[in-house]
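Asks: Sharing start.csv below, CSV, C-alpha atoms and all ligand atoms:
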chain,number,residue,atom,x,y,z
A,1,MET,CA,8.8,13.1,20.5
A,2,LYS,CA,5.2,12.1,19.9
A,3,VAL,CA,4.8,11.0,16.3
A,4,THR,CA,1.4,10.8,14.6
A,5,GLN,CA,0.8,9.3,11.2
A,6,PRO,CA,-2.2,7.9,9.2
A,7,ASP,CA,-2.7,4.2,9.6
A,8,TYR,CA,-1.6,3.6,6.0
A,9,PHE,CA,1.7,5.5,6.2
A,10,ASP,CA,4.0,2.6,6.5
A,11,ARG,CA,2.4,0.8,3.6
A,12,PHE,CA,3.6,3.3,1.0
A,13,SER,CA,6.1,2.1,-1.5
A,14,CYS,CA,7.0,4.0,-4.7
A,15,ILE,CA,6.1,2.1,-7.9
A,16,ALA,CA,8.7,4.1,-10.0
A,17,GLY,CA,8.5,3.1,-13.6
A,18,ALA,CA,4.9,1.8,-13.2
A,19,CYS,CA,3.6,5.1,-11.9
A,20,PRO,CA,0.8,6.6,-13.9
A,21,ASP,CA,1.7,10.2,-13.0
A,22,THR,CA,5.3,10.3,-11.9
A,23,CYS,CA,6.5,13.1,-9.7
A,24,CYS,CA,9.4,13.5,-12.0
A,25,VAL,CA,7.2,15.2,-14.6
A,26,GLY,CA,6.3,18.8,-14.4
A,27,TRP,CA,8.0,19.6,-11.1
A,28,GLN,CA,11.4,21.3,-10.8
A,29,VAL,CA,13.6,19.2,-8.5
A,30,ILE,CA,16.0,21.2,-6.3
A,31,PRO,CA,18.9,19.0,-5.1
A,32,ASP,CA,20.3,19.6,-1.6
A,33,GLU,CA,23.9,20.7,-0.9
A,34,GLU,CA,24.9,17.3,0.4
A,35,HIS,CA,23.8,15.6,-2.8
A,36,ILE,CA,25.2,18.2,-5.0
A,37,ALA,CA,28.6,17.5,-3.4
A,38,LEU,CA,28.1,13.8,-4.0
A,39,TYR,CA,27.2,14.4,-7.7
A,40,GLU,CA,30.4,16.5,-8.0
A,41,SER,CA,32.4,13.5,-7.1
A,42,ILE,CA,30.8,10.9,-9.4
A,43,PRO,CA,33.2,9.9,-12.2
A,44,GLY,CA,32.5,9.0,-15.7
A,45,GLU,CA,29.7,9.5,-18.1
A,46,LEU,CA,26.9,9.4,-15.5
A,47,GLY,CA,28.7,12.0,-13.4
A,48,GLU,CA,29.0,14.3,-16.4
A,49,GLU,CA,25.4,13.8,-17.3
A,50,ILE,CA,24.2,14.6,-13.8
A,51,ARG,CA,26.3,17.7,-13.5
A,52,LYS,CA,25.2,18.9,-17.0
A,53,GLY,CA,21.6,18.3,-15.9
A,54,ILE,CA,21.8,20.7,-12.9
A,55,VAL,CA,21.1,24.2,-14.0
A,56,THR,CA,20.4,27.4,-12.1
A,57,LYS,CA,16.9,28.7,-12.0
A,58,ASP,CA,15.8,31.7,-9.9
A,59,GLY,CA,19.2,31.6,-8.3
A,60,GLU,CA,18.8,27.9,-7.2
A,61,PRO,CA,20.4,24.8,-8.6
A,62,THR,CA,17.7,22.6,-10.1
A,63,PHE,CA,17.5,19.6,-12.4
A,64,ALA,CA,16.6,20.8,-15.9
A,65,LEU,CA,13.3,19.7,-17.4
A,66,CYS,CA,13.4,18.2,-20.9
A,67,GLU,CA,10.0,18.5,-22.4
A,68,GLY,CA,8.5,18.8,-19.0
A,69,ARG,CA,10.2,15.7,-17.6
A,70,CYS,CA,13.2,15.7,-15.1
A,71,CYS,CA,16.3,15.2,-17.3
A,72,MET,CA,17.3,12.3,-15.1
A,73,LEU,CA,14.1,10.4,-15.9
A,74,ARG,CA,14.6,7.5,-18.3
A,75,GLU,CA,12.1,6.6,-21.1
A,76,ASP,CA,10.9,3.6,-19.0
A,77,GLY,CA,10.1,5.9,-16.1
A,78,LEU,CA,13.0,5.0,-13.9
A,79,CYS,CA,15.4,7.6,-12.5
A,80,LYS,CA,19.0,7.3,-13.9
A,81,ILE,CA,20.5,8.3,-10.6
A,82,GLN,CA,18.5,5.8,-8.5
A,83,TYR,CA,19.0,3.1,-11.1
A,84,ALA,CA,22.8,3.4,-11.2
A,85,LEU,CA,23.6,4.5,-7.6
A,86,GLY,CA,20.7,3.4,-5.4
A,87,GLU,CA,18.2,5.2,-3.3
A,88,GLU,CA,20.8,6.9,-1.1
A,89,ALA,CA,22.0,8.9,-4.1
A,90,LEU,CA,18.6,10.5,-4.6
A,91,SER,CA,18.5,14.1,-3.5
A,92,LYS,CA,16.5,14.5,-0.2
A,93,VAL,CA,13.4,15.8,-1.8
A,94,CYS,CA,13.2,12.9,-4.3
A,95,GLY,CA,13.8,10.3,-1.6
A,96,PHE,CA,11.3,12.0,0.8
A,97,TYR,CA,8.3,12.7,-1.5
A,98,PRO,CA,5.4,12.1,-1.1
A,99,ARG,CA,6.0,12.2,2.7
A,100,TYR,CA,5.4,15.4,4.5
A,101,VAL,CA,6.1,16.5,8.1
A,102,THR,CA,4.7,19.1,10.4
A,103,GLU,CA,6.7,19.5,13.6
A,104,LEU,CA,5.8,21.7,16.6
A,105,GLY,CA,7.9,21.2,19.7
A,106,LEU,CA,7.6,17.6,20.7
A,107,LEU,CA,4.8,16.9,18.3
A,108,ARG,CA,5.5,15.5,14.9
A,109,GLU,CA,2.7,14.8,12.4
A,110,GLN,CA,3.7,13.1,9.2
A,111,GLY,CA,1.7,11.9,6.3
A,112,LEU,CA,1.7,11.2,2.5
A,113,SER,CA,0.6,13.8,0.0
A,114,ILE,CA,-2.2,12.5,-2.2
A,115,SER,CA,-0.6,14.3,-5.2
A,116,CYS,CA,1.2,10.9,-5.5
A,117,PRO,CA,-1.2,8.3,-7.1
A,118,VAL,CA,-0.1,5.5,-4.8
A,119,ALA,CA,-0.6,7.7,-1.7
A,120,ALA,CA,-3.9,8.8,-3.1
A,121,GLY,CA,-5.0,5.2,-3.4
A,122,LEU,CA,-4.0,4.4,0.2
A,123,ALA,CA,-5.7,7.5,1.6
A,124,LEU,CA,-8.9,7.5,-0.4
A,125,ASP,CA,-9.6,4.1,-1.9
A,126,ARG,CA,-10.7,2.3,1.2
A,127,ILE,CA,-13.8,1.6,3.3
A,128,ASP,CA,-12.9,1.9,6.9
A,129,PRO,CA,-12.4,5.3,8.5
A,130,VAL,CA,-8.8,6.5,8.5
A,131,SER,CA,-7.2,6.5,12.0
A,132,TYR,CA,-4.2,8.5,13.1
A,133,PRO,CA,-2.3,6.6,15.8
A,134,THR,CA,0.5,8.3,17.9
A,135,HIS,CA,3.6,6.7,19.2
A,136,GLU,CA,6.5,7.9,21.4
A,137,THR,CA,9.9,7.8,19.8
A,138,GLY,CA,12.0,9.1,22.7
A,139,GLU,CA,13.7,11.7,20.4
A,140,PRO,CA,14.6,15.0,22.1
A,141,LEU,CA,13.1,18.4,21.1
A,142,ARG,CA,14.7,19.7,17.9
A,143,TYR,CA,13.1,23.1,17.4
A,144,PHE,CA,11.7,25.7,19.7
A,145,HIS,CA,8.6,27.6,18.8
A,146,ASP,CA,6.5,30.3,20.5
A,147,ILE,CA,3.0,29.0,19.9
A,148,GLU,CA,0.9,29.0,23.1
A,149,PRO,CA,0.3,25.4,24.3
A,150,GLU,CA,-3.4,26.3,24.6
A,151,THR,CA,-3.6,27.1,20.9
A,152,ILE,CA,-2.1,23.7,20.0
A,153,LEU,CA,-4.5,21.9,22.4
A,154,TRP,CA,-7.5,23.8,21.0
A,155,VAL,CA,-6.6,22.9,17.4
A,156,LYS,CA,-6.0,19.3,18.2
A,157,LYS,CA,-9.3,19.1,20.2
A,158,SER,CA,-11.2,20.8,17.4
A,159,ARG,CA,-9.8,18.4,14.8
A,160,ASP,CA,-10.6,15.4,16.9
A,161,GLU,CA,-14.2,16.6,17.3
A,162,ALA,CA,-14.4,17.3,13.5
A,163,LEU,CA,-13.0,13.8,12.7
A,164,ALA,CA,-15.6,12.2,15.1
A,165,ILE,CA,-18.4,14.0,13.3
A,166,LEU,CA,-17.0,13.3,9.9
A,167,GLN,CA,-16.6,9.6,10.5
A,168,GLY,CA,-20.0,9.1,12.2
A,169,ARG,CA,-21.7,7.6,9.1
A,170,SER,CA,-25.3,7.6,10.3
A,171,GLN,CA,-25.9,10.9,8.6
A,172,SER,CA,-25.4,12.1,5.0
A,173,LEU,CA,-22.0,13.5,4.1
A,174,SER,CA,-23.3,17.0,3.6
A,175,SER,CA,-25.0,16.9,7.0
A,176,ARG,CA,-21.7,15.9,8.6
A,177,LEU,CA,-19.9,18.6,6.8
A,178,CYS,CA,-22.5,21.2,7.9
A,179,SER,CA,-22.1,20.0,11.5
A,180,ILE,CA,-18.3,20.4,11.2
A,181,LEU,CA,-18.9,24.0,10.2
A,182,SER,CA,-21.0,24.5,13.3
A,183,LEU,CA,-17.9,23.7,15.4
A,184,ILE,CA,-16.3,26.9,14.2
A,185,ASP,CA,-19.3,29.1,13.5
A,186,GLU,CA,-20.1,31.1,16.6
A,187,GLU,CA,-23.1,32.8,14.9
A,188,GLU,CA,-24.4,29.5,13.7
A,189,GLU,CA,-27.5,30.7,11.9
A,190,THR,CA,-29.7,28.2,10.0
A,191,ALA,CA,-28.5,27.9,6.4
A,192,PRO,CA,-30.1,30.5,4.3
A,193,GLU,CA,-32.3,29.2,1.5
A,194,VAL,CA,-30.5,29.5,-1.9
A,195,GLY,CA,-32.1,29.4,-5.3
A,196,GLU,CA,-30.7,28.1,-8.5
A,197,GLU,CA,-29.3,31.5,-9.5
A,198,ASP,CA,-27.4,31.7,-6.2
A,199,ILE,CA,-26.0,28.2,-6.7
A,200,CYS,CA,-24.8,29.1,-10.2
A,201,THR,CA,-23.2,32.3,-9.0
A,202,PHE,CA,-21.4,30.4,-6.2
A,203,PHE,CA,-20.0,27.8,-8.6
A,204,ARG,CA,-19.0,30.5,-11.1
A,205,LYS,CA,-17.0,32.2,-8.3
A,206,VAL,CA,-15.4,28.9,-7.3
A,207,TYR,CA,-14.4,28.0,-10.9
A,208,ASP,CA,-13.1,31.5,-11.6
A,209,LEU,CA,-11.0,31.4,-8.4
A,210,TYR,CA,-9.4,28.0,-9.2
A,211,ARG,CA,-8.9,28.9,-12.9
A,212,SER,CA,-7.1,32.1,-11.9
A,213,LEU,CA,-4.4,30.1,-10.0
A,214,GLU,CA,-1.0,29.2,-11.5
A,215,GLN,CA,-1.4,25.9,-13.3
A,216,LEU,CA,1.1,23.1,-13.6
A,217,ARG,CA,-0.5,21.5,-16.6
A,218,PRO,CA,-2.8,23.0,-19.3
A,219,GLN,CA,-5.1,19.9,-19.2
A,220,TRP,CA,-6.1,20.9,-15.7
A,221,GLY,CA,-7.1,24.3,-16.9
A,222,GLN,CA,-9.1,22.8,-19.7
A,223,LEU,CA,-10.9,20.5,-17.3
A,224,LEU,CA,-11.8,23.4,-15.1
A,225,ARG,CA,-13.0,25.4,-18.1
A,226,SER,CA,-15.2,22.6,-19.5
A,227,CYS,CA,-16.7,21.6,-16.1
A,228,GLY,CA,-17.3,25.3,-15.2
A,229,GLU,CA,-19.4,25.8,-18.3
A,230,LYS,CA,-21.9,23.2,-17.3
A,231,ARG,CA,-24.7,23.7,-14.8
A,232,PRO,CA,-23.7,22.9,-11.2
A,233,TYR,CA,-24.0,19.3,-10.2
A,234,ILE,CA,-26.0,19.2,-7.0
A,235,LEU,CA,-26.7,15.6,-6.2
A,236,LYS,CA,-26.3,13.4,-3.1
A,237,ASP,CA,-22.8,12.2,-3.4
A,238,ASP,CA,-21.9,10.3,-0.3
A,239,ARG,CA,-19.0,8.4,-1.7
A,240,LEU,CA,-16.6,7.4,1.0
A,241,LEU,CA,-13.9,9.2,-1.0
A,242,TRP,CA,-15.2,12.6,0.2
A,243,GLU,CA,-15.1,11.5,3.9
A,244,HIS,CA,-11.6,10.3,3.4
A,245,LEU,CA,-10.6,13.5,1.6
A,246,MET,CA,-11.9,15.7,4.4
A,247,SER,CA,-10.2,13.5,6.9
A,248,TYR,CA,-7.0,14.0,5.0
A,249,TYR,CA,-7.4,17.8,4.9
A,250,LEU,CA,-8.3,17.9,8.6
A,251,TYR,CA,-5.2,15.9,9.5
A,252,LYS,CA,-2.8,17.6,7.2
A,253,TYR,CA,-3.6,21.2,7.9
A,254,SER,CA,-4.8,21.4,11.5
A,255,LEU,CA,-1.4,21.5,13.2
A,256,ARG,CA,-0.1,24.0,10.6
A,257,SER,CA,-3.1,26.2,11.3
A,258,ALA,CA,-1.9,26.6,14.9
A,259,MET,CA,1.2,28.4,13.5
A,260,ASP,CA,-0.8,31.2,11.8
A,261,ASP,CA,-4.2,31.0,13.6
A,262,SER,CA,-5.9,29.8,10.4
A,263,PHE,CA,-7.9,26.8,11.6
A,264,GLU,CA,-11.2,28.2,10.4
A,265,THR,CA,-9.9,29.5,7.1
A,266,LYS,CA,-8.2,26.1,6.3
A,267,LEU,CA,-11.3,24.3,7.3
A,268,ARG,CA,-13.5,26.4,5.0
A,269,LEU,CA,-11.0,26.1,2.2
A,270,SER,CA,-11.0,22.3,2.6
A,271,LEU,CA,-14.8,22.4,2.2
A,272,VAL,CA,-14.5,24.6,-0.9
A,273,HIS,CA,-12.0,22.0,-2.4
A,274,ILE,CA,-14.5,19.2,-1.8
A,275,ILE,CA,-17.5,21.2,-3.2
A,276,LEU,CA,-15.5,21.9,-6.3
A,277,LEU,CA,-14.2,18.3,-6.7
A,278,ARG,CA,-17.6,16.8,-6.2
A,279,ASP,CA,-18.9,19.0,-9.0
A,280,ILE,CA,-16.0,18.1,-11.3
A,281,CYS,CA,-16.3,14.4,-10.6
A,282,GLY,CA,-20.0,14.6,-11.3
A,283,LYS,CA,-19.3,16.1,-14.7
A,284,ALA,CA,-16.0,14.7,-16.0
A,285,ASP,CA,-15.2,11.3,-17.2
A,286,GLY,CA,-12.4,9.4,-15.3
A,287,ASP,CA,-11.6,7.9,-12.0
A,288,PRO,CA,-12.6,10.4,-9.2
A,289,ILE,CA,-9.5,9.4,-7.2
A,290,GLY,CA,-7.3,10.3,-10.2
A,291,ILE,CA,-9.1,13.7,-10.5
A,292,VAL,CA,-8.5,14.4,-6.8
A,293,GLN,CA,-4.8,13.3,-7.1
A,294,ARG,CA,-4.3,15.7,-10.1
A,295,PHE,CA,-6.0,18.5,-8.1
A,296,ALA,CA,-3.6,17.9,-5.2
A,297,LYS,CA,-0.7,18.1,-7.6
A,298,GLU,CA,-1.9,21.4,-8.9
A,299,ILE,CA,-2.7,22.9,-5.5
A,300,GLU,CA,-0.9,21.4,-2.6
A,301,HIS,CA,2.7,22.1,-3.5
A,302,ASN,CA,2.3,25.7,-4.7
A,303,GLU,CA,2.6,28.1,-1.8
A,304,ASP,CA,1.4,31.0,-3.9
A,305,ASN,CA,-1.7,29.2,-4.9
A,306,LEU,CA,-2.4,28.1,-1.3
A,307,GLU,CA,-2.0,31.7,-0.1
A,308,ARG,CA,-4.3,33.1,-2.8
A,309,LEU,CA,-6.9,30.5,-1.9
A,310,GLU,CA,-6.8,31.3,1.8
A,311,ARG,CA,-7.1,35.0,1.1
A,312,ALA,CA,-10.1,34.3,-1.2
A,313,MET,CA,-11.9,32.7,1.8
A,314,GLU,CA,-12.6,36.3,3.0
A,315,ASP,CA,-15.3,36.5,0.4
A,316,GLU,CA,-18.8,36.3,1.9
A,317,SER,CA,-19.7,33.3,-0.3
A,318,PHE,CA,-17.1,31.2,1.5
A,319,SER,CA,-18.3,32.2,5.0
A,320,CYS,CA,-19.7,29.4,7.2
A,321,ALA,CA,-23.3,30.5,6.4
A,322,GLY,CA,-22.5,30.6,2.6
A,323,LEU,CA,-20.9,27.2,2.6
A,324,ARG,CA,-23.7,25.7,4.8
A,325,ALA,CA,-26.2,27.0,2.3
A,326,ILE,CA,-24.5,25.3,-0.6
A,327,LEU,CA,-23.8,22.0,1.2
A,328,SER,CA,-27.5,21.9,2.3
A,329,CYS,CA,-28.5,21.8,-1.3
A,330,GLY,CA,-26.9,18.3,-1.5
A,331,LEU,CA,-28.5,17.0,1.7
A,401,LIG,S1,4.3,9.9,-7.8
A,401,LIG,FE1,4.6,8.5,-6.0
A,401,LIG,S2,4.6,6.4,-6.9
A,401,LIG,FE2,4.8,7.9,-8.6
A,401,LIG,S3,7.1,8.0,-8.9
A,401,LIG,FE3,6.5,9.7,-7.5
A,401,LIG,S4,6.7,8.8,-5.4
A,401,LIG,FE4,6.7,7.1,-6.9
Please re-express this file's structure in structure tokens.
Ligand code: SF4

Replies:
Amino acid sequence: MKVTQPDYFDRFSCIAGACPDTCCVGWQVIPDEEHIALYESIPGELGEEIRKGIVTKDGEPTFALCEGRCCMLREDGLCKIQYALGEEALSKVCGFYPRYVTELGLLREQGLSISCPVAAGLALDRIDPVSYPTHETGEPLRYFHDIEPETILWVKKSRDEALAILQGRSQSLSSRLCSILSLIDEEEETAPEVGEEDICTFFRKVYDLYRSLEQLRPQWGQLLRSCGEKRPYILKDDRLLWEHLMSYYLYKYSLRSAMDDSFETKLRLSLVHIILLRDICGKADGDPIGIVQRFAKEIEHNEDNLERLERAMEDESFSCAGLRAILSCGL
């Protein structure tokens, strides 16, 4: 098995009670069967409390939320199960997050989701370009798939080319993002000139789209509403944050795109995320990495939202030419 991971992967360590945006708030945690069996066997008050905390929602066992927080979360931000019984007693999803894995045959790509504040800091708050080293583990094939090897090779080659363009810092970020679009744009016309009205229309569409998604927290909807009401923020914003964010998206979604032939769609969607986030960070107070982390929490773990966003990329405004036009305004 060939395993690839970002260079910061092994540096992750959960800060539990000190976390500013714990993953135990807002999300429904679905325990796995093995751990449910373990929880059945725990004696005493704690066992009682765990079993009482597991309720059935949409036909699945899940830890109940008490005022939006996992019912196993203590006031000091620590998990009662982990505190009393150690990490092994955490259900798989709790012990695994924020890690994610994409596996295709003998390729495994793993990373950390930036919806976790610590992972976001590791991925985005840095100077040097992120690298993605690969090592061989000697593990045998675990799953078969029917994706053509040529498709996987094409996706990996396209991603390597896109990363090389992205991390070549002699040009502005917007120029680099436009060049990445050229990789997938067979027509590759020059970017059409856009006027102020076109830019406003584009941003209205983007804000409407993201506002129409299912939201985890009302504060996110409020932020979208207040930023969407202001004039678009078109400035040179070459912060390294955006390079690292695009690198994160290219890495996380490329191999997955081989499964449903969606490399171009996922790439255009990543650019739309970045255009929106640059606009929000230009208008809103607060740490940009914190805003990107909250955005990831809203978007990345909700399959319905992701599907809706991908479908929306069929709109002409989000075509390669449309995006190049908007990105060119910030050159
Ligand atoms: S969000 Fe990350 S750092 Fe915070 S509690 Fe969850 S895993 Fe730990």

Asks: Check the smallest atom-to-atom distance from each of A:Cys23, A:Cys227, A:Leu213, A:Ala164 to A:Asp285 using all atoms listed in the file, then report the winner.

Replies: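 Ranking A:Cys23, A:Cys227, A:Leu213, A:Ala164 by distance to A:Asp285, first place goes to A:Cys227.
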
Asks: Between A:Lys2, A:Arg74, A:Arg99, A:Arg142, which one has atoms that come closest to ligand LIG 401 (chain A), using all atoms listed in the file?

Replies: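 Residue with the minimum atom-to-atom distance to ligand LIG 401 (chain A): A:Arg99.
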
Asks: Find the residues of chain A that sit at most 6 Å from ligand LIG 401 (chain A); for each, write down the nearest two atoms and how far apart they are in Å, to one decimal. Count all atoms listed in the file. Sort by chain, then by number going up, and give it as a tab-separated table.

Replies:
residue	atom	partner	partner_atom	distance
A:Cys14	CA	A:LIG401	FE4	3.8
A:Ile15	CA	A:LIG401	S2	4.7
A:Ala16	CA	A:LIG401	S3	4.4
A:Cys19	CA	A:LIG401	FE2	4.5
A:Asp21	CA	A:LIG401	S1	5.8
A:Thr22	CA	A:LIG401	FE2	4.1
A:Cys23	CA	A:LIG401	FE3	4.0
A:Tyr97	CA	A:LIG401	S4	5.7
A:Pro98	CA	A:LIG401	S4	5.6
A:Cys116	CA	A:LIG401	S1	4.0
A:Pro117	CA	A:LIG401	S1	5.8
A:Val118	CA	A:LIG401	S2	5.2

Asks: Within 9 Å of stretch 44-49 of chain A, counting only C-alpha atoms, which residues show up once you throw out same-chain ones fewer than 2 positions away? Write them as a compact mmCIF listing (two decimals) with C-alpha atoms, in the frame of the given file, please.

Replies:
# COMPACT_ATOMS: atom_id res chain seq x y z
CA TYR A 39 27.20 14.40 -7.70
CA GLU A 40 30.40 16.50 -8.00
CA SER A 41 32.40 13.50 -7.10
CA ILE A 42 30.80 10.90 -9.40
CA ARG A 51 26.30 17.70 -13.50
CA LYS A 52 25.20 18.90 -17.00
CA GLY A 53 21.60 18.30 -15.90
CA ILE A 54 21.80 20.70 -12.90
CA MET A 72 17.30 12.30 -15.10
CA LYS A 80 19.00 7.30 -13.90
CA ILE A 81 20.50 8.30 -10.60
CA ALA A 84 22.80 3.40 -11.20

Asks: Rank nothing, just name the residue among A:Glu193, A:Ile152, A:Leu276, A:Gln167 nearest to A:Tyr207, using all atoms listed in the file.

Replies: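 Checking each candidate against A:Tyr207, we get A:Leu276 as the closest.
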
Asks: Between stretch 120-152 of chain A and stretch 287-292 of chain A, at 10 Å or less, what are the per-residue closest atom pairs and their distances in Å? Count only C-alpha atoms, order by chain and rising residue number, and return it as a Markdown table.

Replies:
| residue | atom | partner | partner_atom | distance |
| --- | --- | --- | --- | --- |
| A:Ala120 | CA | A:Ile289 | CA | 7.0 |
| A:Gly121 | CA | A:Ile289 | CA | 7.2 |
| A:Ala123 | CA | A:Ile289 | CA | 9.8 |
| A:Leu124 | CA | A:Ile289 | CA | 7.1 |
| A:Asp125 | CA | A:Ile289 | CA | 7.5 |

Asks: With all atoms listed in the file as the basis for distance, which of A:His273, A:Lys156, A:Arg268, A:Arg169 is at the shortest distance from A:Asp238?

Replies: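 Comparing A:His273, A:Lys156, A:Arg268, A:Arg169 against A:Asp238, the winner is A:Arg169.
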
Asks: Can you pull out every residue within 12 Å of A:Glu314, counting only C-alpha atoms, but drop anything in the same chain fewer than 2 positions away, and send it as a ChimeraX atom specification?

Replies: /A:262,264-266,268-269,307-312,316-320,322

Asks: Once you have the residues from the selection above, write them out as a tab-separated table (two decimals), in the coordinates of the input, restricted to C-alpha atoms.

Replies:
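As written to disk, part.tsv reads:
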chain	number	residue	atom	x	y	z
A	262	SER	CA	-5.90	29.80	10.40
A	264	GLU	CA	-11.20	28.20	10.40
A	265	THR	CA	-9.90	29.50	7.10
A	266	LYS	CA	-8.20	26.10	6.30
A	268	ARG	CA	-13.50	26.40	5.00
A	269	LEU	CA	-11.00	26.10	2.20
A	307	GLU	CA	-2.00	31.70	-0.10
A	308	ARG	CA	-4.30	33.10	-2.80
A	309	LEU	CA	-6.90	30.50	-1.90
A	310	GLU	CA	-6.80	31.30	1.80
A	311	ARG	CA	-7.10	35.00	1.10
A	312	ALA	CA	-10.10	34.30	-1.20
A	316	GLU	CA	-18.80	36.30	1.90
A	317	SER	CA	-19.70	33.30	-0.30
A	318	PHE	CA	-17.10	31.20	1.50
A	319	SER	CA	-18.30	32.20	5.00
A	320	CYS	CA	-19.70	29.40	7.20
A	322	GLY	CA	-22.50	30.60	2.60

Asks: Report the distance between atom CA of A:Glu303 and atom CA of A:Leu106 in Å, rounded to one decimal place.

Replies: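 Here the two named atoms are 25.3 Å from each other.
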
Asks: Residues at most 10 Å from A:Asp76, counting all atoms listed in the file, excluding those fewer than 2 positions away in the same chain, as an MDAnalysis selection string?

Replies: chainID A and resid 16:18 73:74 78:79

Asks: Return the single residue from A:Pro140, A:Ala119, A:Ser113, A:Ala284 that is closest to A:Val101, with distances computed using only C-alpha atoms.

Replies: A:Ser113

Asks: For a test of reading the model, state the distance in Å between atom CA of A:Cys94 and atom CA of A:Gly221, rounded to one decimal.

Replies: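 Pair atom CA of A:Cys94 / atom CA of A:Gly221 returns 26.5 Å.
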